[in-house]
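Below is the file data-v3.txt, which contains compact mmCIF, C-alpha atoms.
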# COMPACT_ATOMS: atom_id res chain seq x y z
CA MET A 1 222.77 116.25 251.76
CA THR A 2 223.62 117.89 248.44
CA LYS A 3 221.72 121.08 247.67
CA LYS A 4 219.71 121.30 244.46
CA CYS A 5 220.22 124.08 241.91
CA THR A 6 216.88 125.54 243.00
CA ASP A 7 218.35 126.02 246.49
CA LEU A 8 221.54 127.66 245.17
CA ILE A 9 220.47 129.77 242.21
CA ASP A 10 219.61 133.02 244.02
CA GLU A 11 222.96 133.13 245.83
CA LYS A 12 224.91 132.16 242.70
CA TYR A 13 223.09 134.80 240.67
CA LYS A 14 223.86 137.52 243.22
CA ASP A 15 227.57 136.57 243.10
CA ARG A 16 227.59 136.74 239.28
CA LEU A 17 225.68 140.00 239.22
CA ASP A 18 228.21 141.60 241.59
CA GLN A 19 231.10 140.20 239.52
CA PHE A 20 229.74 141.57 236.25
CA LYS A 21 228.86 144.97 237.72
CA LYS A 22 232.45 145.35 238.96
CA GLY A 23 233.87 144.08 235.67
CA LEU A 24 231.88 146.56 233.61
CA GLU A 25 233.19 149.37 235.84
CA SER A 26 236.80 148.41 235.03
CA ASN A 27 239.10 150.52 232.85
CA ASP A 28 238.41 148.31 229.82
CA PRO A 29 235.01 146.64 230.25
CA ILE A 30 234.98 145.03 226.80
CA LYS A 31 238.37 143.40 227.42
CA TRP A 32 237.16 142.27 230.85
CA LEU A 33 234.03 140.78 229.29
CA VAL A 34 235.96 138.92 226.59
CA GLU A 35 238.31 137.47 229.20
CA SER A 36 235.50 136.52 231.61
CA VAL A 37 233.05 134.75 229.29
CA LEU A 38 233.65 131.26 227.92
CA GLY A 39 231.44 131.58 224.88
CA PHE A 40 228.55 133.27 223.19
CA ASP A 41 226.25 131.46 220.79
CA TYR A 42 222.68 131.01 219.61
CA VAL A 43 220.63 128.03 220.79
CA GLU A 44 217.95 127.12 218.26
CA PRO A 45 214.33 126.64 219.38
CA LYS A 46 213.55 123.07 220.47
CA THR A 47 217.20 122.17 221.00
CA PHE A 48 216.19 120.92 224.46
CA ASN A 49 212.94 119.38 225.72
CA ASN A 50 210.27 122.00 226.51
CA GLN A 51 212.33 124.82 224.95
CA GLU A 52 210.04 126.63 222.52
CA GLN A 53 212.09 129.81 222.05
CA GLY A 54 215.62 130.25 220.80
CA TYR A 55 218.07 132.24 222.86
CA TRP A 56 221.48 133.86 222.78
CA ARG A 57 223.64 132.21 225.43
CA MET A 58 226.55 133.77 227.28
CA GLN A 59 228.37 130.91 228.99
CA ILE A 60 230.12 132.02 232.13
CA SER A 61 231.30 128.65 233.43
CA TRP A 62 231.25 125.08 232.20
CA GLY A 63 231.21 121.65 233.75
CA GLY A 64 229.42 120.80 236.92
CA PRO A 65 228.15 123.23 237.92
CA SER A 66 227.90 125.69 235.05
CA ASP A 67 226.07 128.96 234.63
CA GLU A 68 224.96 131.24 231.84
CA VAL A 69 222.85 134.25 230.94
CA ARG A 70 220.23 133.73 228.24
CA TRP A 71 218.53 136.35 226.09
CA TYR A 72 215.38 134.72 224.67
CA THR A 73 214.00 135.91 221.35
CA ASN A 74 210.58 135.82 219.72
CA ASN A 75 211.15 134.32 216.28
CA GLY A 76 214.78 135.45 216.43
CA ILE A 77 213.76 139.08 216.08
CA ASN A 78 212.79 140.67 219.41
CA PHE A 79 214.15 139.90 222.84
CA SER A 80 211.39 138.63 225.11
CA LYS A 81 213.18 137.97 228.40
CA THR A 82 216.57 137.55 230.05
CA THR A 83 217.34 134.67 232.39
CA TYR A 84 220.15 133.28 234.50
CA ALA A 85 220.60 129.49 234.44
CA TYR A 86 222.51 127.50 237.04
CA LEU A 87 223.10 123.92 235.91
CA ASP A 88 224.66 120.82 237.42
CA TRP A 89 224.65 117.18 236.41
CA PHE A 90 221.03 116.06 235.93
CA ASP A 91 219.79 119.21 237.71
CA GLY A 92 219.29 122.84 236.83
CA ASP A 93 217.23 125.93 237.44
CA GLU A 94 216.57 129.18 235.60
CA ILE A 95 215.30 132.52 236.88
CA GLU A 96 214.14 135.61 235.02
CA ILE A 97 216.40 138.63 235.61
CA ASP A 98 216.06 142.30 234.76
CA ASP A 99 219.15 144.04 236.12
CA ASP A 100 220.57 146.83 233.92
CA VAL A 101 223.98 145.18 233.66
CA TRP A 102 222.60 142.52 231.28
CA ASP A 103 221.05 145.16 229.02
CA GLU A 104 224.42 146.92 229.00
CA ILE A 105 226.18 143.71 227.97
CA LYS A 106 223.52 142.99 225.34
CA GLY A 107 224.20 146.47 223.93
CA THR A 108 227.88 145.62 223.40
CA LEU A 109 227.14 142.57 221.26
CA PRO A 110 227.82 142.63 217.53
CA PRO A 111 224.74 143.73 215.53
CA HIS A 112 224.00 140.27 214.13
CA CYS A 113 223.78 138.93 217.70
CA GLN A 114 221.04 141.38 218.51
CA SER A 115 218.30 139.93 216.35
CA LEU A 116 219.04 137.59 213.44
CA PRO A 117 219.93 133.98 214.27
CA ASP A 118 220.35 133.08 210.60
CA GLN A 119 223.54 135.17 210.65
CA LYS A 120 224.79 133.68 213.91
CA GLU A 121 228.38 133.12 214.83
CA SER A 122 229.95 131.80 218.01
CA TYR A 123 232.51 133.79 219.93

Could you write out this file's structure as structure tokens?
Amino acid sequence: MTKKCTDLIDEKYKDRLDQFKKGLESNDPIKWLVESVLGFDYVEPKTFNNQEQGYWRMQISWGGPSDEVRWYTNNGINFSKTTYAYLDWFDGDEIEIDDDVWDEIKGTLPPHCQSLPDQKESY
């Protein structure tokens, strides 16, 4: 029987958290981050069903399964929460996270990625 994303997300998150902690301790954490992330972009509110808030998305992997860290914003100005999403075909789950590593990564983002979606760019 195939496991659902809900069954896998905690383990997958722990693996990613360990990976990113080690990467940020490397000699050149910014270079490591650039080489380890597939993309970074802003997802407008209501892009998906039941998605009221916009969020900055750091895609870590793509396909089936894929995973990403999301920094949700209130009106594109203040960050309201950080989540980890683990997604597979026609399935997915998302958990709220608060580990310091994600705040550290958020702090390395270009200034326009920290608050204003009208000046967004993808990386």

Selected residue of minimal separation from Asp7 (chain A) among A:Asp91, A:Glu52, A:Asp98, A:Asp67, counting all atoms listed in the file:
A:Asp91

Mind giving me the straight-line distance from CA of Trp56 (chain A) to CA of Lys3 (chain A) in Å, one decimal?
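Interatomic distance here is 28.0 Å.
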
Measure the distance from CA of Asn74 (chain A) to CA of Gln53 (chain A) in Å and round it to one decimal.
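Those two atoms sit 6.6 Å apart.
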
Pick from A:Tyr72, A:Lys31, A:Leu38, A:Glu44 nearest to Met58 (chain A), counting only C-alpha atoms:
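Residue with the minimum atom-to-atom distance to Met58 (chain A): A:Leu38.
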
What separation in Å, quoted to one decimal, exists between CA of Arg16 (chain A) and CA of Thr82 (chain A)?
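The value is 14.4 Å.
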
Given all atoms listed in the file as the counted atoms, nearest of A:Lys4, A:Ile9, A:Asn75, A:Leu87 to Pro45 (chain A)
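Among the listed residues, the smallest separation from Pro45 (chain A) belongs to A:Asn75.
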
Would you list the contacts of Ile97 (chain A) as an MDAnalysis selection string, taking every protein, DNA or RNA residue within 7 Å and counting all atoms listed in the file, but skipping same-chain residues closer than 2 positions in sequence?
chainID A and resid 82:84 95 99

Taking into account only C-alpha atoms, which residue in the set A:Thr108, A:Gln51, A:Ser36, A:Thr6 is nearest to Asp88 (chain A)?
A:Thr6

Determine the nearest neighbour of Phe90 (chain A) from the options A:Trp102, A:Lys14, A:Gly63, A:Val69, counting only C-alpha atoms.
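For Phe90 (chain A), the nearest of the given residues is A:Gly63.
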